[in-house]
Amino acid sequence: MIATQIKLSSPDELSIKWDDGHASIISLRKLRDNCPCAGCQGETVLLKTYKPDQQQYLPGRYMLTNIQQIGHYAIQISWGDGHSTGIYTWEILRNL
Ligand SMILES: [Zn+2]
């Protein structure tokens, strides 16, 4: 399954079209709150999960500034507060 088109459908929603004809609408807030990077989700090391400290909510947290495609399997999203380490695979996006 591959995303064939990704665009902002409104100032706070991302719309994704899939190669199977399905279309998804994901709010930027949900996207950011589910950022898959280790800094947001914590890291599991030797079966222990280290959750990050409560994050500061900086201005621009839910503002999408850039989307970059990573190969054929994912996109990397940059946010208005400077955060850009989250790699969203098609699978993650589809599950949101
Ligand atoms: Zn993150």
# chains A, B, ... in the order shown; residues from 1 in each chain; ligands from 1
call {"tool": "closest_atom_pairs", "arguments": {"of": "chain A", "to": "ligand 1", "cutoff": "8 Å", "atoms": "only C-alpha atoms and all ligand atoms", "output": "tab-separated table"}}
result
residue	atom	partner	partner_atom_place_in_ligand_line	distance
A:Arg32	CA	ligand 1	1 (Zn)	7.4
A:Asn34	CA	ligand 1	1 (Zn)	7.9
A:Cys35	CA	ligand 1	1 (Zn)	4.5
A:Pro36	CA	ligand 1	1 (Zn)	5.8
A:Cys37	CA	ligand 1	1 (Zn)	4.3
A:Ala38	CA	ligand 1	1 (Zn)	6.5
A:Gly39	CA	ligand 1	1 (Zn)	5.3
A:Cys40	CA	ligand 1	1 (Zn)	4.3
A:Gln41	CA	ligand 1	1 (Zn)	7.1
A:His83	CA	ligand 1	1 (Zn)	6.6
A:Ser84	CA	ligand 1	1 (Zn)	7.0
A:Thr85	CA	ligand 1	1 (Zn)	5.7
A:Gly86	CA	ligand 1	1 (Zn)	4.8
call {"tool": "write_last_selection", "arguments": {"atoms": "N, CA and C atoms", "output": "short mmCIF file (atom, residue, chain, number, x, y, z; two decimals), in the first residue's frame"}}
result
data_model
loop_
_atom_site.label_atom_id
_atom_site.label_comp_id
_atom_site.auth_asym_id
_atom_site.auth_seq_id
_atom_site.Cartn_x
_atom_site.Cartn_y
_atom_site.Cartn_z
N ARG A 32 0.68 15.01 15.04
CA ARG A 32 1.80 15.40 15.92
C ARG A 32 1.79 14.64 17.23
N ASN A 34 0.91 11.76 17.70
CA ASN A 34 1.34 10.39 17.45
C ASN A 34 2.69 10.33 16.76
N CYS A 35 3.46 11.38 16.91
CA CYS A 35 4.79 11.41 16.29
C CYS A 35 5.56 10.17 16.71
N PRO A 36 6.04 9.40 15.71
CA PRO A 36 6.66 8.11 16.03
C PRO A 36 8.11 8.18 16.47
N CYS A 37 8.69 9.36 16.57
CA CYS A 37 10.13 9.40 16.89
C CYS A 37 10.38 9.03 18.35
N ALA A 38 11.60 8.66 18.66
CA ALA A 38 11.94 8.19 20.01
C ALA A 38 11.75 9.29 21.04
N GLY A 39 11.97 10.53 20.63
CA GLY A 39 11.82 11.64 21.56
C GLY A 39 10.39 11.82 22.03
N CYS A 40 9.43 11.45 21.20
CA CYS A 40 8.02 11.60 21.56
C CYS A 40 7.44 10.33 22.14
N GLN A 41 7.82 9.19 21.59
CA GLN A 41 7.20 7.93 22.01
C GLN A 41 8.00 7.19 23.07
N HIS A 83 10.48 20.72 15.35
CA HIS A 83 10.59 19.27 15.48
C HIS A 83 10.45 18.61 14.11
N SER A 84 11.39 17.74 13.77
CA SER A 84 11.29 17.12 12.44
C SER A 84 11.90 15.73 12.41
N THR A 85 11.98 15.06 13.55
CA THR A 85 12.60 13.74 13.56
C THR A 85 11.60 12.61 13.36
N GLY A 86 10.31 12.94 13.27
CA GLY A 86 9.32 11.88 13.13
C GLY A 86 9.22 11.38 11.69
#
call {"tool": "select_by_dssp", "arguments": {"residues": "range 3-93 of chain A", "states": "strand (DSSP E or B)", "output": "PyMOL selection string"}}
result
chain A and resi 3-10+13-18+23-27+43-45+48-50+64-70+74-79+87-89
call {"tool": "write_last_selection", "arguments": {"atoms": "N, CA and C atoms", "output": "compact mmCIF listing (two decimals), in the first residue's frame"}}
result
# COMPACT_ATOMS: atom_id res chain seq x y z
N ALA A 3 0.94 5.66 -0.48
CA ALA A 3 0.22 6.93 -0.59
C ALA A 3 0.52 7.53 -1.95
N THR A 4 -0.51 7.87 -2.69
CA THR A 4 -0.29 8.42 -4.02
C THR A 4 -0.37 9.94 -4.03
N GLN A 5 -1.07 10.48 -3.04
CA GLN A 5 -1.17 11.94 -2.98
C GLN A 5 -1.31 12.37 -1.52
N ILE A 6 -0.50 13.34 -1.12
CA ILE A 6 -0.59 13.88 0.24
C ILE A 6 -0.67 15.39 0.13
N LYS A 7 -1.69 15.96 0.74
CA LYS A 7 -1.78 17.42 0.71
C LYS A 7 -2.59 17.92 1.88
N LEU A 8 -2.45 19.20 2.16
CA LEU A 8 -3.26 19.81 3.21
C LEU A 8 -4.64 20.07 2.64
N SER A 9 -5.66 19.47 3.26
CA SER A 9 -7.01 19.68 2.77
C SER A 9 -7.63 20.89 3.45
N SER A 10 -7.09 21.28 4.60
CA SER A 10 -7.51 22.50 5.28
C SER A 10 -6.31 22.92 6.12
N GLU A 13 -5.69 19.96 8.58
CA GLU A 13 -5.93 18.56 8.23
C GLU A 13 -5.11 18.16 7.02
N LEU A 14 -4.60 16.93 7.09
CA LEU A 14 -3.84 16.38 5.98
C LEU A 14 -4.71 15.34 5.29
N SER A 15 -4.76 15.42 3.98
CA SER A 15 -5.54 14.41 3.26
C SER A 15 -4.59 13.51 2.47
N ILE A 16 -4.83 12.23 2.56
CA ILE A 16 -3.95 11.25 1.92
C ILE A 16 -4.78 10.33 1.03
N LYS A 17 -4.33 10.18 -0.20
CA LYS A 17 -4.98 9.20 -1.09
C LYS A 17 -4.07 8.00 -1.24
N TRP A 18 -4.68 6.83 -1.22
CA TRP A 18 -3.92 5.58 -1.27
C TRP A 18 -4.11 4.89 -2.61
N ALA A 23 -9.18 6.95 0.96
CA ALA A 23 -8.71 8.30 1.27
C ALA A 23 -8.77 8.51 2.77
N SER A 24 -7.74 9.12 3.32
CA SER A 24 -7.69 9.38 4.76
C SER A 24 -7.61 10.88 4.99
N ILE A 25 -8.26 11.32 6.07
CA ILE A 25 -8.09 12.70 6.53
C ILE A 25 -7.58 12.61 7.96
N ILE A 26 -6.43 13.20 8.22
CA ILE A 26 -5.84 13.13 9.56
C ILE A 26 -5.62 14.55 10.05
N SER A 27 -6.08 14.85 11.26
CA SER A 27 -5.84 16.20 11.79
C SER A 27 -4.36 16.33 12.15
N GLU A 43 11.76 5.25 24.18
CA GLU A 43 12.55 4.20 23.57
C GLU A 43 12.52 2.96 24.44
N THR A 44 12.48 1.81 23.79
CA THR A 44 12.52 0.58 24.57
C THR A 44 13.93 0.01 24.50
N VAL A 45 14.58 -0.03 25.66
CA VAL A 45 15.94 -0.54 25.74
C VAL A 45 15.95 -1.66 26.76
N LYS A 48 12.85 -2.32 28.78
CA LYS A 48 12.33 -1.22 29.59
C LYS A 48 11.99 -0.08 28.66
N THR A 49 10.81 0.49 28.85
CA THR A 49 10.43 1.61 28.01
C THR A 49 10.69 2.92 28.75
N TYR A 50 11.48 3.75 28.12
CA TYR A 50 11.78 5.05 28.70
C TYR A 50 10.90 6.10 28.05
N LEU A 64 2.25 22.55 10.41
CA LEU A 64 3.07 21.76 9.52
C LEU A 64 3.86 22.72 8.62
N THR A 65 5.18 22.56 8.60
CA THR A 65 5.97 23.45 7.77
C THR A 65 6.55 22.76 6.54
N ASN A 66 6.72 21.45 6.61
CA ASN A 66 7.29 20.75 5.45
C ASN A 66 7.02 19.26 5.50
N ILE A 67 6.80 18.69 4.34
CA ILE A 67 6.68 17.23 4.24
C ILE A 67 7.70 16.76 3.23
N GLN A 68 8.51 15.80 3.63
CA GLN A 68 9.52 15.27 2.71
C GLN A 68 9.32 13.78 2.59
N GLN A 69 9.30 13.31 1.37
CA GLN A 69 9.12 11.87 1.18
C GLN A 69 10.43 11.15 1.41
N ILE A 70 10.35 10.03 2.14
CA ILE A 70 11.53 9.21 2.42
C ILE A 70 11.37 7.92 1.62
N ALA A 74 7.69 6.18 3.36
CA ALA A 74 7.40 7.05 4.50
C ALA A 74 7.51 8.52 4.12
N ILE A 75 7.02 9.38 5.02
CA ILE A 75 7.26 10.81 4.90
C ILE A 75 7.84 11.31 6.22
N GLN A 76 8.64 12.35 6.09
CA GLN A 76 9.18 13.02 7.27
C GLN A 76 8.50 14.38 7.36
N ILE A 77 7.94 14.69 8.52
CA ILE A 77 7.18 15.92 8.67
C ILE A 77 7.93 16.89 9.57
N SER A 78 8.02 18.14 9.12
CA SER A 78 8.62 19.19 9.94
C SER A 78 7.52 20.07 10.51
N TRP A 79 7.67 20.42 11.77
CA TRP A 79 6.64 21.20 12.48
C TRP A 79 7.14 22.60 12.81
N ILE A 87 9.43 10.07 11.51
CA ILE A 87 9.28 9.45 10.20
C ILE A 87 7.96 8.67 10.23
N TYR A 88 7.03 9.08 9.43
CA TYR A 88 5.72 8.43 9.40
C TYR A 88 5.68 7.46 8.23
N THR A 89 5.68 6.18 8.53
CA THR A 89 5.57 5.20 7.45
C THR A 89 4.13 5.15 6.97
call {"tool": "residues_around", "arguments": {"residues": "Asp81 in chain A", "least_positions_apart": "6", "cutoff": "10 Å", "atoms": "only C-alpha atoms", "output": "PyMOL selection string"}}
result
chain A and resi 57-65
call {"tool": "atom_distance", "arguments": {"atom1": "CA of Tyr73 in chain A", "atom2": "CA of Ile92 in chain A"}}
result
10.4 Å
call {"tool": "atom_distance", "arguments": {"atom1": "CA of Leu31 in chain A", "atom2": "CA of His72 in chain A"}}
result
19.5 Å
call {"tool": "atom_distance", "arguments": {"atom1": "CA of Asp12 in chain A", "atom2": "CA of Lys30 in chain A"}}
result
10.0 Å
call {"tool": "select_by_dssp", "arguments": {"residues": "chain A", "states": "alpha helix (DSSP H)", "output": "count of residues only"}}
result
16
call {"tool": "closest_residue", "arguments": {"among": "A:Arg29, A:Pro11, A:Gly21, A:Gly71", "to": "Trp90 in chain A", "atoms": "only C-alpha atoms"}}
result
A:Gly71
